[in-house]
file work-v8.cif (mmCIF, C-alpha atoms and all ligand atoms)
data_query
#
loop_
_atom_site.label_atom_id
_atom_site.label_comp_id
_atom_site.auth_asym_id
_atom_site.auth_seq_id
_atom_site.Cartn_x
_atom_site.Cartn_y
_atom_site.Cartn_z
CA MET I 24 30.50 38.90 22.46
CA HIS I 25 28.27 37.29 25.11
CA LEU I 26 28.24 33.96 26.91
CA ILE I 27 24.55 33.09 26.71
CA THR I 28 25.08 29.58 25.38
CA LEU I 29 28.25 27.71 24.45
CA LYS I 30 26.58 26.64 21.21
CA ASN I 31 28.02 29.72 19.53
CA TRP I 32 31.48 29.55 21.10
CA SER I 33 34.06 27.93 18.83
CA GLU I 34 36.45 25.13 19.73
CA SER I 35 39.29 27.65 20.07
CA ASP I 36 37.14 30.01 22.21
CA ILE I 37 36.61 27.13 24.62
CA LEU I 38 40.12 25.68 24.56
CA GLU I 39 41.82 29.07 25.00
CA THR I 40 39.49 29.89 27.89
CA ILE I 41 40.28 26.56 29.59
CA GLU I 42 44.02 27.25 29.23
CA ASN I 43 43.49 30.70 30.75
CA CYS I 44 41.45 29.22 33.64
CA LEU I 45 44.46 27.06 34.54
CA LYS I 46 46.93 29.96 34.19
CA ILE I 47 44.76 32.19 36.38
CA LYS I 48 44.52 29.45 39.01
CA ASN I 49 48.29 28.84 39.00
CA TYR I 50 49.49 32.47 38.72
CA PRO I 51 46.70 34.62 40.25
CA GLU I 52 49.07 37.49 41.06
CA LYS I 53 49.71 38.07 37.34
CA TYR I 54 46.03 38.92 36.88
CA ARG I 55 45.61 41.31 39.81
CA HIS I 56 45.08 44.31 37.55
CA ALA I 57 43.77 42.52 34.46
CA ALA I 58 40.31 44.13 34.75
CA GLY I 59 41.58 47.26 36.51
CA GLY I 60 38.88 49.89 36.96
CA LEU I 61 36.15 47.85 35.19
CA SER I 62 32.74 47.06 36.68
CA LEU I 63 30.70 43.86 36.72
CA ALA I 64 26.97 43.97 37.52
CA LEU I 65 25.41 40.81 38.95
CA LEU I 66 21.67 40.57 38.39
CA PHE I 67 20.06 37.52 40.00
CA GLN I 68 16.43 36.39 39.98
CA LYS I 69 17.40 33.13 41.67
CA THR I 70 19.56 32.13 44.61
CA SER I 71 23.24 31.28 44.17
CA THR I 72 26.38 30.59 46.18
CA ARG I 73 29.06 29.60 43.66
CA THR I 74 28.10 31.65 40.60
CA ARG I 75 27.47 34.83 42.57
CA CYS I 76 30.65 34.54 44.65
CA ALA I 77 32.78 33.57 41.64
CA GLY I 78 31.60 36.69 39.79
CA GLU I 79 31.64 39.08 42.73
CA ILE I 80 34.97 37.98 44.20
CA GLY I 81 36.48 37.18 40.80
CA ILE I 82 36.12 40.71 39.39
CA VAL I 83 37.57 42.22 42.60
CA GLN I 84 40.58 39.87 42.40
CA LEU I 85 41.06 41.10 38.83
CA GLY I 86 41.22 44.71 40.02
CA GLY I 87 37.64 45.62 39.10
CA HIS I 88 34.39 46.36 40.97
CA ALA I 89 31.30 44.23 41.61
CA HIS I 90 27.73 45.55 41.90
CA TYR I 91 25.24 42.92 43.08
CA LEU I 92 21.60 43.66 42.25
CA ASP I 93 18.89 41.67 43.95
CA TRP I 94 16.10 41.51 41.37
CA ARG I 95 13.42 42.37 43.98
CA THR I 96 15.07 45.62 45.05
CA THR I 97 15.42 46.98 41.51
CA ASN I 98 12.81 48.19 39.03
CA PHE I 99 13.52 45.34 36.64
CA GLY I 100 10.28 43.66 37.70
CA LEU I 101 8.21 46.78 36.88
CA ALA I 102 9.62 47.72 33.54
CA ASP I 103 10.51 46.32 30.15
CA LEU I 104 13.52 44.03 30.60
CA GLY I 105 15.25 45.40 27.49
CA ASP I 106 14.92 49.02 28.70
CA GLU I 107 16.41 48.23 32.10
CA ILE I 108 19.27 46.15 30.68
CA ARG I 109 20.05 48.95 28.23
CA VAL I 110 20.33 51.38 31.14
CA LEU I 111 22.45 49.01 33.23
CA SER I 112 24.81 48.43 30.34
CA ALA I 113 25.51 52.18 30.19
CA TYR I 114 26.81 52.01 33.79
CA VAL I 115 28.95 48.85 33.79
CA ASP I 116 31.40 47.01 31.53
CA ILE I 117 29.91 43.51 31.79
CA THR I 118 26.89 41.80 33.40
CA LEU I 119 26.45 38.35 34.95
CA ALA I 120 22.72 37.50 35.03
CA ARG I 121 20.83 34.53 36.46
CA PHE I 122 17.29 34.54 35.06
CA LEU I 123 14.56 31.95 35.42
CA LYS I 124 13.83 31.85 31.70
CA HIS I 125 16.19 31.37 28.80
CA ASP I 126 14.21 33.87 26.67
CA ASP I 127 15.03 36.64 29.16
CA ILE I 128 18.78 36.08 28.95
CA CYS I 129 18.45 36.17 25.14
CA LYS I 130 16.46 39.46 25.34
CA SER I 131 19.16 40.88 27.61
CA GLY I 132 21.85 39.94 25.10
CA THR I 133 20.02 41.89 22.41
CA ALA I 134 19.46 44.97 24.59
CA SER I 135 22.86 45.17 26.29
CA SER I 136 25.69 47.25 24.88
CA VAL I 137 28.18 45.30 27.03
CA PRO I 138 28.84 41.54 27.30
CA ILE I 139 26.26 39.42 29.13
CA ILE I 140 27.18 36.21 30.94
CA ASN I 141 24.41 33.67 31.49
CA GLY I 142 24.77 32.67 35.14
CA CYS I 143 22.28 29.76 34.68
CA CYS I 144 18.83 29.78 33.12
CA ASP I 145 16.33 26.94 32.75
CA ARG I 146 18.06 25.70 29.56
CA TYR I 147 21.81 26.22 29.99
CA HIS I 148 24.51 26.77 32.60
CA PRO I 149 27.53 27.70 30.46
CA THR I 150 29.84 29.07 33.18
CA GLN I 151 29.42 25.76 35.01
CA ALA I 152 30.49 23.84 31.90
CA ILE I 153 33.66 25.93 31.46
CA GLY I 154 34.59 25.21 35.09
CA ASP I 155 33.77 21.52 34.56
CA LEU I 156 35.99 21.23 31.50
CA MET I 157 38.79 23.01 33.36
CA THR I 158 38.42 20.46 36.20
CA ILE I 159 38.43 17.49 33.81
CA LYS I 160 41.53 18.82 32.04
CA GLU I 161 43.24 19.41 35.39
CA HIS I 162 42.49 15.92 36.71
CA LEU I 163 42.60 13.79 33.55
CA GLY I 164 45.15 15.76 31.54
CA GLU I 165 43.03 16.09 28.40
CA LEU I 166 39.54 16.66 27.06
CA GLU I 167 39.42 14.93 23.70
CA GLY I 168 38.16 11.37 24.02
CA ILE I 169 37.34 11.69 27.73
CA LYS I 170 34.11 9.87 28.51
CA VAL I 171 31.65 11.47 30.92
CA CYS I 172 28.46 9.77 32.09
CA PHE I 173 25.77 12.23 33.23
CA ILE I 174 23.18 10.43 35.33
CA GLY I 175 19.98 12.02 36.64
CA VAL I 176 17.48 14.44 35.15
CA HIS I 177 18.57 15.90 31.80
CA ASN I 178 18.77 19.62 32.61
CA ASN I 179 20.57 22.93 32.03
CA VAL I 180 23.89 21.60 33.41
CA CYS I 181 23.72 18.51 31.20
CA ASN I 182 22.98 20.63 28.09
CA SER I 183 25.95 22.92 28.67
CA LEU I 184 28.25 19.95 29.28
CA ILE I 185 27.14 18.55 25.91
CA ALA I 186 27.41 21.96 24.17
CA ALA I 187 30.95 22.58 25.44
CA GLY I 188 31.99 18.94 25.25
CA MET I 189 31.09 18.47 21.60
CA LYS I 190 33.42 21.33 20.61
CA VAL I 191 36.42 19.67 22.27
CA GLY I 192 35.75 15.96 21.69
CA LEU I 193 34.30 14.98 25.06
CA GLU I 194 31.92 12.01 24.83
CA VAL I 195 28.88 12.55 27.05
CA THR I 196 26.68 9.52 27.79
CA VAL I 197 23.38 10.53 29.38
CA ILE I 198 21.33 8.20 31.56
CA ALA I 199 18.22 10.27 32.24
CA PRO I 200 14.79 8.79 32.78
CA GLU I 201 13.46 12.37 33.00
CA ILE I 202 14.11 15.53 30.99
CA ASN I 203 13.28 19.00 32.28
CA PRO I 204 10.83 20.40 29.70
CA ALA I 205 12.73 23.72 29.45
CA ALA I 206 15.96 21.85 28.71
CA VAL I 207 14.70 20.19 25.53
CA ASP I 208 17.11 21.25 22.75
CA LYS I 209 16.79 18.82 19.87
CA GLU I 210 19.09 20.89 17.65
CA LEU I 211 21.92 20.62 20.19
CA TRP I 212 21.33 16.92 20.87
CA SER I 213 21.20 16.00 17.22
CA GLU I 214 24.39 17.91 16.32
CA ALA I 215 26.25 16.44 19.29
CA ALA I 216 24.97 12.91 18.58
CA GLN I 217 26.14 13.16 14.95
CA LYS I 218 29.63 14.02 16.19
CA GLY I 219 29.56 11.03 18.57
CA CYS I 220 29.69 13.41 21.54
CA TYR I 221 26.21 12.77 22.98
CA LYS I 222 25.02 9.24 23.66
CA PRO I 223 21.60 9.03 25.30
CA VAL I 224 20.96 5.66 26.92
CA SER I 225 17.35 4.50 27.03
CA THR I 226 16.59 3.65 30.63
CA ASP I 227 14.08 1.07 29.37
CA SER I 228 17.12 -0.97 28.35
CA ILE I 229 18.54 -0.94 31.91
CA ASP I 230 16.89 -3.51 34.17
CA SER I 231 19.25 -3.77 37.12
CA THR I 232 21.94 -2.03 39.15
CA ILE I 233 24.50 -4.31 37.48
CA GLU I 234 23.45 -3.10 34.02
CA LEU I 235 23.62 0.51 35.23
CA GLN I 236 27.11 -0.15 36.61
CA GLU I 237 28.17 -1.61 33.27
CA VAL I 238 27.25 1.62 31.47
CA ILE I 239 28.93 3.84 34.09
CA ALA I 240 32.06 1.63 34.08
CA GLN I 241 32.80 2.60 30.48
CA ASN I 242 33.39 6.23 31.54
CA ASP I 243 36.21 8.26 33.04
CA VAL I 244 33.83 10.52 34.95
CA VAL I 245 30.37 10.12 36.43
CA TYR I 246 28.42 13.37 36.92
CA THR I 247 25.11 14.10 38.59
CA ASP I 248 23.00 17.14 39.49
CA THR I 249 19.77 17.87 41.33
CA TRP I 250 16.64 16.07 40.18
CA ILE I 251 14.69 19.32 40.68
CA ASP I 252 15.98 22.78 39.74
CA MET I 253 16.39 25.24 42.60
CA GLU I 254 13.35 27.40 41.86
CA PHE I 255 11.04 24.37 42.28
CA PHE I 256 12.78 22.53 45.12
CA THR I 257 10.70 24.03 47.93
CA ASP I 258 7.79 25.28 45.80
CA PRO I 259 4.54 23.87 47.29
CA ASP I 260 2.99 23.80 43.79
CA PHE I 261 5.75 21.41 42.76
CA ALA I 262 5.43 19.13 45.82
CA GLU I 263 3.55 16.33 44.04
CA GLU I 264 5.93 16.35 41.07
CA ARG I 265 8.84 16.39 43.49
CA GLU I 266 7.56 13.23 45.21
CA ARG I 267 6.97 11.51 41.86
CA ARG I 268 10.49 12.33 40.68
CA MET I 269 12.15 11.29 43.94
CA LYS I 270 10.51 7.85 43.73
CA LYS I 271 11.33 7.38 40.06
CA MET I 272 14.91 8.65 40.32
CA MET I 273 16.07 6.84 43.48
CA PRO I 274 17.51 3.83 41.56
CA TYR I 275 19.78 6.34 39.78
CA GLN I 276 21.23 7.83 42.98
CA LEU I 277 25.03 7.92 43.03
CA ASN I 278 26.16 5.97 46.09
CA ARG I 279 28.93 3.58 47.18
CA THR I 280 26.93 0.52 46.15
CA LEU I 281 26.34 1.76 42.62
CA LEU I 282 29.95 2.89 42.19
CA LYS I 283 31.52 -0.13 43.96
CA GLY I 284 34.78 -1.11 42.27
CA LEU I 285 34.49 1.57 39.59
CA ASP I 286 37.51 3.70 38.86
CA CYS I 287 35.90 6.95 37.73
CA LYS I 288 36.02 10.53 38.96
CA ILE I 289 32.81 11.77 40.59
CA MET I 290 31.50 15.24 39.74
CA HIS I 291 28.53 17.34 40.91
CA CYS I 292 28.01 21.04 40.19
CA LEU I 293 26.60 21.62 43.73
CA PRO I 294 24.49 22.41 45.66
CA ALA I 295 24.15 18.69 46.47
CA HIS I 296 20.94 17.28 47.85
CA ARG I 297 22.50 14.62 50.05
CA GLY I 298 20.41 11.45 50.13
CA TYR I 299 18.73 12.25 46.82
CA GLU I 300 20.82 12.41 43.62
CA ILE I 301 24.00 11.67 45.60
CA ALA I 302 24.64 9.91 48.93
CA GLY I 303 26.48 12.19 51.35
CA GLU I 304 29.28 9.60 51.72
CA LEU I 305 30.36 10.17 48.10
CA LEU I 306 31.19 13.84 48.54
CA ASP I 307 34.32 12.82 50.46
CA ASP I 308 35.04 9.68 48.46
CA PRO I 309 38.66 9.57 47.16
CA ARG I 310 37.27 9.48 43.60
CA ALA I 311 35.26 12.69 44.10
CA ILE I 312 36.62 15.93 42.60
CA ILE I 313 33.49 17.87 43.56
CA PHE I 314 35.05 20.49 45.82
CA GLU I 315 37.94 21.10 43.39
CA GLN I 316 35.25 21.50 40.71
CA SER I 317 33.46 24.06 42.84
CA GLU I 318 36.69 25.97 43.65
CA ASN I 319 37.38 26.09 39.91
CA ARG I 320 34.19 28.11 39.39
CA LEU I 321 36.14 31.12 40.74
CA HIS I 322 39.18 30.69 38.48
CA SER I 323 37.08 29.89 35.44
CA MET I 324 34.71 32.82 36.01
CA LYS I 325 37.74 35.12 35.98
CA ALA I 326 38.85 33.63 32.65
CA ILE I 327 35.35 34.09 31.19
CA ILE I 328 35.15 37.71 32.37
CA LEU I 329 38.58 38.53 30.87
CA LYS I 330 37.71 36.87 27.57
CA LEU I 331 34.48 38.84 27.23
CA LEU I 332 36.23 42.09 28.24
CA GLY I 333 38.91 41.42 25.61
CA ARG I 334 41.60 41.32 28.32
CA SER I 335 42.69 37.64 28.13
N1 LIG I 401 26.81 25.30 40.68
C1 LIG I 401 26.20 26.50 40.85
O1 LIG I 401 25.91 27.22 39.87
O2 LIG I 401 25.97 26.83 42.12
P1 LIG I 401 25.12 28.10 42.62
O3 LIG I 401 23.68 27.83 42.21
O4 LIG I 401 25.29 28.11 44.09
O5 LIG I 401 25.64 29.32 41.94
N1 LIG I 402 20.20 22.37 37.62
C1 LIG I 402 20.44 23.19 38.77
C2 LIG I 402 21.80 23.77 38.67
C3 LIG I 402 22.24 24.45 39.88
C4 LIG I 402 23.60 24.99 39.79
C5 LIG I 402 19.41 24.29 38.84
O1 LIG I 402 19.13 24.93 37.84
O2 LIG I 402 18.90 24.50 39.93
#

call {"tool": "encode", "arguments": {"input": "work-v8.cif", "output": "structure tokens"}}
result
Amino acid sequence: MHLITLKNWSESDILETIENCLKIKNYPEKYRHAAGGLSLALLFQKTSTRTRCAGEIGIVQLGGHAHYLDWRTTNFGLADLGDEIRVLSAYVDITLARFLKHDDICKSGTASSVPIINGCCDRYHPTQAIGDLMTIKEHLGELEGIKVCFIGVHNNVCNSLIAAGMKVGLEVTVIAPEINPAAVDKELWSEAAQKGCYKPVSTDSIDSTIELQEVIAQNDVVYTDTWIDMEFFTDPDFAEERERRMKKMMPYQLNRTLLKGLDCKIMHCLPAHRGYEIAGELLDDPRAIIFEQSENRLHSMKAIILKLLGRS
């Protein structure tokens, strides 16, 4: 079993994993030898703080070993991806990979003889969504019927929130005047919409901050993420597009004015681009659960690793 996308994880796969995330957080000492002697490879084409550290530190706290591979210092770039993954999977028990392209994580899943965890590609970010659901359950007590408003650019994080959410009855309203082209997944959106778990709001129908507030006010959680994925953020070839997006997206920035008087939890997967998708002041707002959410990446990564190793 892999975790490439949550689309093929069942409701019970997700719910049991969330329960285990909470147990691991509350009783870490019970899991000190849960992955004793097993090895996790981390293969990253992109930068990372949370996902890398959650995997690397998580496996060690479970009694296993971590082996971080920087893409540029391996021969992955020279050779056939499937060949290299096949070799790596003969050395380790599980791999956490962050690739630029979704197709490459799929190819790796086919070639690997051990479980592959998608540590974020251009279409999905499933480990983030497991940590997010854990955080929602921890702070709101349940998942079914909880209303989450994702506001920003519809991206990998938004897709995984929808994919996980629709299995457990979360209702995700999306206010996104832009969609990342690689994140388009009509099959996912249509299935989730039919279940009442994905509600896209046309931004043409929102003319003012008050109307935006009215939509957000109907939710228990408001969630945002970067308007530009990390690989493009400082790319000079993307500079013009970056400026265009910044201008267009600024009315959708989460800030104290937009959220004035609203009683909803504030989430962000981090890294935050303060002054863009979120005003810096909101990271320490009493409604924000952003740093708890980011701490939960460690506990939830451990639960994911144990599930895929068959050691839950
Ligand atoms: N949220 C998240 O995946 O962060 P990193 O990119 O730092 O891993
Ligand atoms: N959408 C962001 C997520 C970062 C965790 C990106 O892909 O850069």

call {"tool": "closest_residue", "arguments": {"input": "work-v8.cif", "among": "I:Gly333, I:Pro274, I:Gly154, I:Gly59", "to": "ligand LIG 401 (chain I)", "atoms": "only C-alpha atoms and all ligand atoms"}}
result
I:Gly154

call {"tool": "atom_distance", "arguments": {"input": "work-v8.cif", "atom1": "atom CA of I:Phe261", "atom2": "atom CA of I:Ile128"}}
result
24.0 Å

call {"tool": "residues_near_ligand", "arguments": {"input": "work-v8.cif", "ligand": "ligand LIG 401 (chain I)", "cutoff": "9 Å", "atoms": "all atoms listed in the file", "output": "short mmCIF file (atom, residue, chain, number, x, y, z; two decimals) with C-alpha atoms, keeping the file's coordinate frame"}}
result
data_model
loop_
_atom_site.label_atom_id
_atom_site.label_comp_id
_atom_site.auth_asym_id
_atom_site.auth_seq_id
_atom_site.Cartn_x
_atom_site.Cartn_y
_atom_site.Cartn_z
CA LYS I 69 17.40 33.13 41.67
CA THR I 70 19.56 32.13 44.61
CA SER I 71 23.24 31.28 44.17
CA THR I 72 26.38 30.59 46.18
CA ARG I 73 29.06 29.60 43.66
CA THR I 74 28.10 31.65 40.60
CA ARG I 75 27.47 34.83 42.57
CA CYS I 76 30.65 34.54 44.65
CA ALA I 77 32.78 33.57 41.64
CA ARG I 121 20.83 34.53 36.46
CA GLY I 142 24.77 32.67 35.14
CA CYS I 143 22.28 29.76 34.68
CA HIS I 148 24.51 26.77 32.60
CA THR I 150 29.84 29.07 33.18
CA GLN I 151 29.42 25.76 35.01
CA VAL I 180 23.89 21.60 33.41
CA MET I 253 16.39 25.24 42.60
CA HIS I 291 28.53 17.34 40.91
CA CYS I 292 28.01 21.04 40.19
CA LEU I 293 26.60 21.62 43.73
CA PRO I 294 24.49 22.41 45.66
CA SER I 317 33.46 24.06 42.84
CA ARG I 320 34.19 28.11 39.39
#

call {"tool": "residues_around", "arguments": {"input": "work-v8.cif", "residues": "I:Gln241", "least_positions_apart": "2", "cutoff": "10 Å", "atoms": "only C-alpha atoms", "output": "ChimeraX atom specification"}}
result
/I:170-172,196,236-239,243-245,285-287

call {"tool": "write_last_selection", "arguments": {"input": "work-v8.cif", "atoms": "C-alpha atoms", "output": "mmCIF file, keeping the file's coordinate frame"}}
result
data_model
loop_
_atom_site.group_PDB
_atom_site.id
_atom_site.type_symbol
_atom_site.label_atom_id
_atom_site.label_comp_id
_atom_site.auth_asym_id
_atom_site.auth_seq_id
_atom_site.Cartn_x
_atom_site.Cartn_y
_atom_site.Cartn_z
ATOM 1 C CA LYS I 170 34.110 9.870 28.510
ATOM 2 C CA VAL I 171 31.650 11.470 30.920
ATOM 3 C CA CYS I 172 28.460 9.770 32.090
ATOM 4 C CA THR I 196 26.680 9.520 27.790
ATOM 5 C CA GLN I 236 27.110 -0.150 36.610
ATOM 6 C CA GLU I 237 28.170 -1.610 33.270
ATOM 7 C CA VAL I 238 27.250 1.620 31.470
ATOM 8 C CA ILE I 239 28.930 3.840 34.090
ATOM 9 C CA ASP I 243 36.210 8.260 33.040
ATOM 10 C CA VAL I 244 33.830 10.520 34.950
ATOM 11 C CA VAL I 245 30.370 10.120 36.430
ATOM 12 C CA LEU I 285 34.490 1.570 39.590
ATOM 13 C CA ASP I 286 37.510 3.700 38.860
ATOM 14 C CA CYS I 287 35.900 6.950 37.730
#

call {"tool": "residues_around", "arguments": {"input": "work-v8.cif", "residues": "I:Ile312", "least_positions_apart": "5", "cutoff": "7 Å", "atoms": "only C-alpha atoms", "output": "PyMOL selection string"}}
result
chain I and resi 288-290

call {"tool": "residues_around", "arguments": {"input": "work-v8.cif", "residues": "I:Pro51", "least_positions_apart": "4", "cutoff": "10 Å", "atoms": "only C-alpha atoms", "output": "VMD selection string"}}
result
chain I and resid 45 to 47 55 84 to 85 322 325

call {"tool": "closest_residue", "arguments": {"input": "work-v8.cif", "among": "I:Leu104, I:Leu123, I:Val197, I:Ala113", "to": "ligand LIG 402 (chain I)", "atoms": "all atoms listed in the file"}}
result
I:Leu123

call {"tool": "atom_distance", "arguments": {"input": "work-v8.cif", "atom1": "atom CA of I:Asp145", "atom2": "atom N1 of ligand LIG 402 (chain I)"}}
result
7.7 Å

call {"tool": "atom_distance", "arguments": {"input": "work-v8.cif", "atom1": "atom CA of I:Asn319", "atom2": "atom CA of I:Ile153"}}
result
9.2 Å

call {"tool": "residues_around", "arguments": {"input": "work-v8.cif", "residues": "I:Ala199", "least_positions_apart": "6", "cutoff": "9 Å", "atoms": "all atoms listed in the file", "output": "ChimeraX atom specification"}}
result
/I:173-177,223-226,272,275

call {"tool": "closest_residue", "arguments": {"input": "work-v8.cif", "among": "I:Leu156, I:Cys144, I:Ile198, I:Leu329", "to": "ligand LIG 402 (chain I)", "atoms": "all atoms listed in the file"}}
result
I:Cys144

call {"tool": "residues_near_point", "arguments": {"input": "work-v8.cif", "point": "(17.1, 46.1, 37.6)", "cutoff": "8 Å", "atoms": "all atoms listed in the file", "output": "list of chain:residue names"}}
result
I:Leu66, I:Leu92, I:Asp93, I:Trp94, I:Thr96, I:Thr97, I:Asn98, I:Phe99, I:Gly100, I:Glu107, I:Ile108, I:Leu111

call {"tool": "write_last_selection", "arguments": {"input": "work-v8.cif", "atoms": "C-alpha atoms", "output": "PDB file, keeping the file's coordinate frame"}}
result
ATOM      1  CA  LEU I  66      21.670  40.570  38.390  1.00  0.00           C
ATOM      2  CA  LEU I  92      21.600  43.660  42.250  1.00  0.00           C
ATOM      3  CA  ASP I  93      18.890  41.670  43.950  1.00  0.00           C
ATOM      4  CA  TRP I  94      16.100  41.510  41.370  1.00  0.00           C
ATOM      5  CA  THR I  96      15.070  45.620  45.050  1.00  0.00           C
ATOM      6  CA  THR I  97      15.420  46.980  41.510  1.00  0.00           C
ATOM      7  CA  ASN I  98      12.810  48.190  39.030  1.00  0.00           C
ATOM      8  CA  PHE I  99      13.520  45.340  36.640  1.00  0.00           C
ATOM      9  CA  GLY I 100      10.280  43.660  37.700  1.00  0.00           C
ATOM     10  CA  GLU I 107      16.410  48.230  32.100  1.00  0.00           C
ATOM     11  CA  ILE I 108      19.270  46.150  30.680  1.00  0.00           C
ATOM     12  CA  LEU I 111      22.450  49.010  33.230  1.00  0.00           C
TER      13      LEU I 111
END

call {"tool": "residues_around", "arguments": {"input": "work-v8.cif", "residues": "I:Asp126", "least_positions_apart": "3", "cutoff": "12 Å", "atoms": "all atoms listed in the file", "output": "JSON, numbers by chain"}}
result
{"I": [27, 28, 104, 105, 121, 122, 123, 129, 130, 131, 132, 133, 141, 144, 145, 146, 147, 205]}

call {"tool": "closest_residue", "arguments": {"input": "work-v8.cif", "among": "I:Cys181, I:Ala206, I:Ile169, I:Leu331", "to": "I:Leu193", "atoms": "all atoms listed in the file"}}
result
I:Ile169

call {"tool": "closest_residue", "arguments": {"input": "work-v8.cif", "among": "I:Gly188, I:Gly81, I:Pro200, I:Pro149", "to": "ligand LIG 402 (chain I)", "atoms": "only C-alpha atoms and all ligand atoms"}}
result
I:Pro149

call {"tool": "closest_residue", "arguments": {"input": "work-v8.cif", "among": "I:Ala311, I:Ile80, I:Leu184, I:Ala215", "to": "ligand LIG 402 (chain I)", "atoms": "all atoms listed in the file"}}
result
I:Leu184
